[in-house]
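See below for the structure under consideration.
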Amino acid sequence: MKKLLLFFFLIFITLSVNAHWLLLNEDDEVSIYIETNSIKRTDNVVTYWKLFDYSVEQSFNNINYFSSKEKYETNCNTEEGASLLISFTSAKMGKGKSVYSYKAEQKNFMPSIPDTIGYTIYKFVCKRK
């Protein structure tokens, strides 16, 4: 467990130091960013980090947070994506302490549905070379 926590800590420290967050969507409740330096493409599969920054504190299973960072994988051929890992943080823009982290044991691919923010993200990351 300590090794897993250290792993997440090192990933998020590295990501925070070199992060270039590009705002993709914003409304009254949440701003959604993509970390452009994290976009990696192998054939038709793209992995990247996205950040959800909430205007008010959120709650999940009695855990309070202001933002979440998620490593995501998108298949540009099938228009599907899967969450690889996610961390909820106590402050805005992924700052503060990680209050909960989760790593997917298996990829659960979901379709990118047109006219949603997920589809907007899919189009953005799949167009990048």
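Residue names in the structure tokens use chain letters A, B, ... in the order shown, residue numbers from 1 in each chain, and ligand numbers from 1 in the order shown.
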
Quiz item: Could you pull out all residues of chain A with a DSSP call of alpha helix (DSSP H) and give them as a list in words?
Solution: Lys2, Lys3, Leu4, Leu5, Leu6, Phe7, Phe8, Phe9, Leu10, Ile11, Phe12, Ile13, Thr14, Leu15, Ser16, Val17, Ile117, Gly118, Tyr119, Thr120, Ile121, Tyr122, Lys123, Phe124, Val125, Cys126 and Lys127 of chain A

Output of the above residues as a short mmCIF file (atom, residue, chain, number, x, y, z; two decimals), in the first residue's frame, restricted to N, CA and C atoms:
data_model
loop_
_atom_site.label_atom_id
_atom_site.label_comp_id
_atom_site.auth_asym_id
_atom_site.auth_seq_id
_atom_site.Cartn_x
_atom_site.Cartn_y
_atom_site.Cartn_z
N LYS A 2 1.95 1.23 0.79
CA LYS A 2 2.84 2.40 0.84
C LYS A 2 3.48 2.65 -0.52
N LYS A 3 3.84 1.57 -1.23
CA LYS A 3 4.45 1.73 -2.55
C LYS A 3 3.45 2.33 -3.53
N LEU A 4 2.18 1.93 -3.44
CA LEU A 4 1.15 2.47 -4.31
C LEU A 4 0.94 3.96 -4.04
N LEU A 5 0.90 4.33 -2.78
CA LEU A 5 0.74 5.75 -2.43
C LEU A 5 1.95 6.57 -2.90
N LEU A 6 3.14 6.01 -2.74
CA LEU A 6 4.34 6.70 -3.22
C LEU A 6 4.29 6.85 -4.74
N PHE A 7 3.84 5.81 -5.44
CA PHE A 7 3.69 5.85 -6.89
C PHE A 7 2.77 7.00 -7.30
N PHE A 8 1.58 7.09 -6.69
CA PHE A 8 0.64 8.17 -7.01
C PHE A 8 1.23 9.53 -6.67
N PHE A 9 1.90 9.63 -5.54
CA PHE A 9 2.51 10.89 -5.13
C PHE A 9 3.53 11.37 -6.17
N LEU A 10 4.40 10.47 -6.60
CA LEU A 10 5.42 10.83 -7.58
C LEU A 10 4.82 11.21 -8.93
N ILE A 11 3.78 10.50 -9.34
CA ILE A 11 3.11 10.84 -10.60
C ILE A 11 2.54 12.24 -10.53
N PHE A 12 1.84 12.57 -9.45
CA PHE A 12 1.17 13.86 -9.37
C PHE A 12 2.15 15.00 -9.14
N ILE A 13 3.25 14.75 -8.46
CA ILE A 13 4.28 15.79 -8.31
C ILE A 13 4.88 16.08 -9.68
N THR A 14 5.24 15.05 -10.42
CA THR A 14 5.81 15.22 -11.76
C THR A 14 4.82 15.92 -12.68
N LEU A 15 3.58 15.52 -12.62
CA LEU A 15 2.56 16.12 -13.48
C LEU A 15 2.35 17.58 -13.13
N SER A 16 2.38 17.94 -11.87
CA SER A 16 2.16 19.31 -11.45
C SER A 16 3.30 20.22 -11.88
N VAL A 17 4.54 19.74 -11.83
CA VAL A 17 5.69 20.56 -12.16
C VAL A 17 5.70 20.92 -13.64
N ILE A 117 -19.20 16.66 -23.49
CA ILE A 117 -17.82 17.08 -23.25
C ILE A 117 -16.85 15.92 -23.53
N GLY A 118 -17.29 14.70 -23.26
CA GLY A 118 -16.45 13.54 -23.56
C GLY A 118 -16.12 13.44 -25.05
N TYR A 119 -17.09 13.76 -25.89
CA TYR A 119 -16.88 13.73 -27.33
C TYR A 119 -15.96 14.87 -27.76
N THR A 120 -16.12 16.03 -27.14
CA THR A 120 -15.25 17.17 -27.42
C THR A 120 -13.80 16.81 -27.09
N ILE A 121 -13.58 16.17 -25.95
CA ILE A 121 -12.23 15.75 -25.56
C ILE A 121 -11.70 14.72 -26.55
N TYR A 122 -12.52 13.74 -26.90
CA TYR A 122 -12.12 12.72 -27.86
C TYR A 122 -11.65 13.37 -29.16
N LYS A 123 -12.43 14.30 -29.70
CA LYS A 123 -12.08 14.97 -30.96
C LYS A 123 -10.75 15.74 -30.82
N PHE A 124 -10.57 16.41 -29.67
CA PHE A 124 -9.36 17.19 -29.45
C PHE A 124 -8.12 16.31 -29.41
N VAL A 125 -8.13 15.27 -28.58
CA VAL A 125 -6.92 14.45 -28.42
C VAL A 125 -6.63 13.61 -29.65
N CYS A 126 -7.66 13.20 -30.38
CA CYS A 126 -7.43 12.37 -31.57
C CYS A 126 -6.94 13.19 -32.76
N LYS A 127 -7.17 14.47 -32.76
CA LYS A 127 -6.66 15.33 -33.84
C LYS A 127 -5.20 15.69 -33.64
#

Quiz item: Which polymer residues have any atom within 8 Å of an atom of Ala104 (chain A), counting only C-alpha atoms, with same-chain residues fewer than 6 positions away left out, as a list of chain:residue names?
Solution: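 Non-adjacent residues within range: A:Ser83, A:Leu84, A:Leu85.
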
Quiz item: Hey, what's within 7 Å of Pro111 (chain A) if we count only C-alpha atoms and toss same-chain stuff fewer than 5 positions away? As a list in words, please?
Solution: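 The filter keeps Glu79, Glu80 and Gly81 of chain A.
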
So that I can see what lies close to Ser55 (chain A), please list as a short mmCIF file (atom, residue, chain, number, x, y, z; two decimals) with C-alpha atoms, in the first residue's frame the residues with an atom at most 8 Å from it, counting only C-alpha atoms and leaving out residues fewer than 6 positions away in the same chain.
data_model
loop_
_atom_site.label_atom_id
_atom_site.label_comp_id
_atom_site.auth_asym_id
_atom_site.auth_seq_id
_atom_site.Cartn_x
_atom_site.Cartn_y
_atom_site.Cartn_z
CA ASP A 28 -20.98 27.51 -13.75
CA GLU A 29 -20.20 24.17 -12.07
CA VAL A 30 -16.95 22.84 -13.54
CA SER A 31 -13.98 23.75 -15.71
CA PHE A 66 -12.54 20.50 -5.23
#

Quiz item: Using only C-alpha atoms, which of the listed residues (A:Asn75, A:Asn25, A:Val99, A:Gln106) sits closest to Ile63 (chain A)?
Solution: A:Val99
